[in-house]
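Working notes, structure below.
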Amino acid sequence: MAAWSAACAHCGGHRPPAARWNEGPVCDPCYTAALQHRGRCELCGQTRRLVAPPGPHATTCADCAGIPATHQCTDCGIEDKLYERGRCGACALRRRTTDLLSAGTGRIPDQFSDLHAAITSTPSPRTALNWLRKGAGAGLLADLAAGRLPLTHAALDAHPHPAAADYLRHMLTTAGILQPRDEDLARTERWLANLLTNLTDPAQRRLLTAYATWRVIRRLRRRADHTTAARTYTATARTNIKAAAAFLTWLSTQQSTLDRVTQRDVDTYLTTGPGAGGGVGGWAGVQQPVDGCLPPGRSATSSPVCTSRPPAAARRLWPAWAVHDHTLTPGDRLAGVLLTLFGQQLSRITALTTDHLTHTDGTLGIRLGHDTLPLPEPLTTCIHDLLAGARVHHSIGSPSTPNWLFPGHHPGRPLTASQLGQRLRALGIDARADRRTALTHLGAHLPAAVLADLTGIHPTTAVGWTRHAAADWATYAADLATNPDHQP
Ligand SMILES: [Zn+2]
Ligand SMILES: [Zn+2]
Ligand SMILES: [Zn+2]
């Protein structure tokens with residue numbers, strides 16, 4: 001045992017002694033605990049530090065034991081481990097905060113009295129003192145007192161010492177001086193601002209700003225207002241934005257821009273770009289057709305093999321082929337896409353009605369679960385064709401409600417799942433296997449928490465959102481590409 005360590009008289013541990021008291025050497029943790037510990041004195045009944053008999057089983061205060069009290073705060077008189085100049089942590093914190101907020105005059109301006117109270121009432125004065133001494137806390141308070149820093153989230157966000165600003169923010173929101181806000185959302189917004197600042201191409205920055213602001217962040221804000229659940233959705237939002245940025249960056253290396261992008265570009269990106277082999281960019285790109293005028297019958301096998309590509313059946317039905325192949329019925333095309341790309345169960349597909357279709361700002365969407373997936377142009381046409389056919393079918397004798405997207409052979413009933421399965425099988429789609437492959441493919445490119453939901457833990461709530469989120473960028477890109485009037 002090293003010479004400087006000794007058996008602690010309180011805990012018996014061999015540690016360097018912090019003090020030598022009557023009972024013997026006392027280690028640092030026991031020393032601190034003993035100085036801070038207070039209990040009811042057996043003789044006078046007051047709550048005091050208990051010092052006699054010496055040791056951890058003391059029952060009597062210093063006055064009753066007839067020995068001088070030590071380690072007493074010169075300001076408030078409390079028996080405690082002292083922080084500095086004979087003062088306890090709370091008194092030291094009060095003095096330092098007063099000094100800073102009164103610019104040394106001792107008089108706190110009225111507008112800072114709540115702030116002063118918020119800081120000095122912190123349950124852990126030593127943490128606050130460390131923040132003042134070692135961090136930028138002192139500078140922050142001086143800036144506030146001098147009016148150089150307004151009492152707002154924005155001012156704290158912009159402060160060059162984010163940790164110190166966050167600590168002050170925490171005090172202010174706890175004290176009700178600042179409105180609490182969703183910090184995950186705020187962090188995502190800061191992350192985005194930083195990402196945008198680092199984009200050198202002004203056109204790219206404008207596009208990504210529009211997409212992130214009006215699509216991703218706006219939806220995050222809505223969700224932040226309505227949920228207290230774990231925030232995996234902010235990770236999804238970042239994934240979407242990064243995928244968009246990667247695609248734009250890649251486009252610029254190809255001397256191309258979004259308004260000129262073609263399906264061939266997307267294929268090239270998926271096979272040779274940063275999205276190849278399984279990046280989120282690849283997922284975002286592959287999920288939706290980006291171009292509304294693809295050559296029918298274009299063979300998927302003309303592109304190099306890539307492990308992240310959808311399976312053969314999905315490729316065959318994938319929009320480049322399926323939504324343009326008018327030898328297939330619109331119902332078969334839509335069902336095939338929903339199953340092989342979006343992993344929808346047959347029973348869920350057959351249960352779709354016109355009520356699941358939405359029109360928002362001129363965009364046709366389909367509600368899967370709780371969320372709506374905006375559909376780009378080729379699929380929109382597909383659905384319009386489907387609806388035209390469905391009306392004919394209804395006129396034969398189906399009751400008016402509900403308006404099934406996949407009406408069955410009996411009036412008023414949709415196709416059964418097994419009937420739809422048979423139809424798809426005739427087209428070479430194995431519903432079970434291809435849906436599983438679709439889910440695997442989706443999951444391989446999504447955050448783990450989302451994947452967990454996706455694979456069946458909460459299918460109805462999570463699946464729609466997940467697909468919606470991850471397909472978001474490509475859909476937005478499709479909007480821009482197919483609608484030249486759409487200004488980002
Ligand atoms: Zn000890
Ligand atoms: Zn006493
Ligand atoms: Zn004190």
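Residue numbers start at 1 in each chain; chains themselves are named A, B, ... in the order of the structure tokens; ligands are numbered from 1 in the order shown.
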Extract, using only C-alpha atoms, all DNA, RNA and protein residues at most 9 Å from Tyr167 (chain A), discarding same-chain residues fewer than 4 positions from it, and format them as a PyMOL selection string.
-> chain A and resi 128+131+137+162-163+171-172
Hey, which residues come within 7 Å of ligand 3 if we count only C-alpha atoms and all ligand atoms? Could you give them as an mmCIF file with C-alpha atoms, in the first residue's frame?
```
data_model
loop_
_atom_site.group_PDB
_atom_site.id
_atom_site.type_symbol
_atom_site.label_atom_id
_atom_site.label_comp_id
_atom_site.auth_asym_id
_atom_site.auth_seq_id
_atom_site.Cartn_x
_atom_site.Cartn_y
_atom_site.Cartn_z
ATOM 1 C CA CYS A 73 -20.821 29.512 6.113
ATOM 2 C CA THR A 74 -19.993 33.085 7.143
ATOM 3 C CA ASP A 75 -22.999 34.357 5.170
ATOM 4 C CA CYS A 76 -25.853 32.034 6.097
ATOM 5 C CA GLY A 77 -24.345 30.103 9.022
ATOM 6 C CA ILE A 78 -25.130 26.689 7.594
ATOM 7 C CA ARG A 87 -19.032 30.595 2.152
ATOM 8 C CA CYS A 88 -21.192 27.643 1.207
ATOM 9 C CA GLY A 89 -21.905 26.865 -2.463
ATOM 10 C CA ALA A 90 -25.332 28.518 -2.443
ATOM 11 C CA CYS A 91 -23.993 31.764 -0.923
#
```
Selection as a PyMOL selection string: residues within 7 Å of ligand 2 by only C-alpha atoms and all ligand atoms | chain A and resi 41-46+60-64
Could those selected residues go to a file with C-alpha atoms, as a PDB file, in the first residue's frame?
```
ATOM      1  CA  CYS A  41     -29.217  16.340  17.367  1.00  0.00           C
ATOM      2  CA  GLU A  42     -30.100  13.910  20.157  1.00  0.00           C
ATOM      3  CA  LEU A  43     -29.720  16.585  22.856  1.00  0.00           C
ATOM      4  CA  CYS A  44     -31.077  19.874  21.425  1.00  0.00           C
ATOM      5  CA  GLY A  45     -33.346  18.441  18.722  1.00  0.00           C
ATOM      6  CA  GLN A  46     -32.094  20.885  16.082  1.00  0.00           C
ATOM      7  CA  THR A  60     -24.788  15.224  18.790  1.00  0.00           C
ATOM      8  CA  CYS A  61     -24.132  18.720  17.368  1.00  0.00           C
ATOM      9  CA  ALA A  62     -20.960  20.696  18.105  1.00  0.00           C
ATOM     10  CA  ASP A  63     -22.685  23.090  20.572  1.00  0.00           C
ATOM     11  CA  CYS A  64     -24.160  20.282  22.647  1.00  0.00           C
TER      12      CYS A  64
END
```
With only C-alpha atoms and all ligand atoms counted and 8 Å as the cut-off, give the residues of chain A in contact with ligand 1, each with its shortest interatomic distance in Å and the pair that gives it, as a Markdown table.
```
| residue | atom | partner | partner_atom_place_in_ligand_line | distance |
| --- | --- | --- | --- | --- |
| A:Ala7 | CA | ligand 1 | 1 (Zn) | 7.8 |
| A:Cys8 | CA | ligand 1 | 1 (Zn) | 4.6 |
| A:Ala9 | CA | ligand 1 | 1 (Zn) | 6.5 |
| A:His10 | CA | ligand 1 | 1 (Zn) | 4.9 |
| A:Cys11 | CA | ligand 1 | 1 (Zn) | 4.0 |
| A:Gly12 | CA | ligand 1 | 1 (Zn) | 6.1 |
| A:Gly13 | CA | ligand 1 | 1 (Zn) | 5.7 |
| A:His14 | CA | ligand 1 | 1 (Zn) | 8.0 |
| A:Arg15 | CA | ligand 1 | 1 (Zn) | 7.5 |
| A:Val26 | CA | ligand 1 | 1 (Zn) | 5.4 |
| A:Cys27 | CA | ligand 1 | 1 (Zn) | 4.3 |
| A:Asp28 | CA | ligand 1 | 1 (Zn) | 6.7 |
| A:Pro29 | CA | ligand 1 | 1 (Zn) | 6.0 |
| A:Cys30 | CA | ligand 1 | 1 (Zn) | 4.3 |
| A:Tyr31 | CA | ligand 1 | 1 (Zn) | 7.2 |
```
Within region 98-229 of chain A, find each residue whose DSSP state, derived from the backbone, is alpha helix (DSSP H), and express the selection as a count of residues only.
-> 82
Would you mind reading off the distance between CA of Ala103 (chain A) and CA of Gln72 (chain A), one decimal, in Å?
->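 A separation of 28.2 Å between them.
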Could you jot down the CA of Thr98 (chain A) to CA of His170 (chain A) separation for me, Å, one decimal place?
->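 Between CA of Thr98 (chain A) and CA of His170 (chain A) the gap works out to 19.1 Å.
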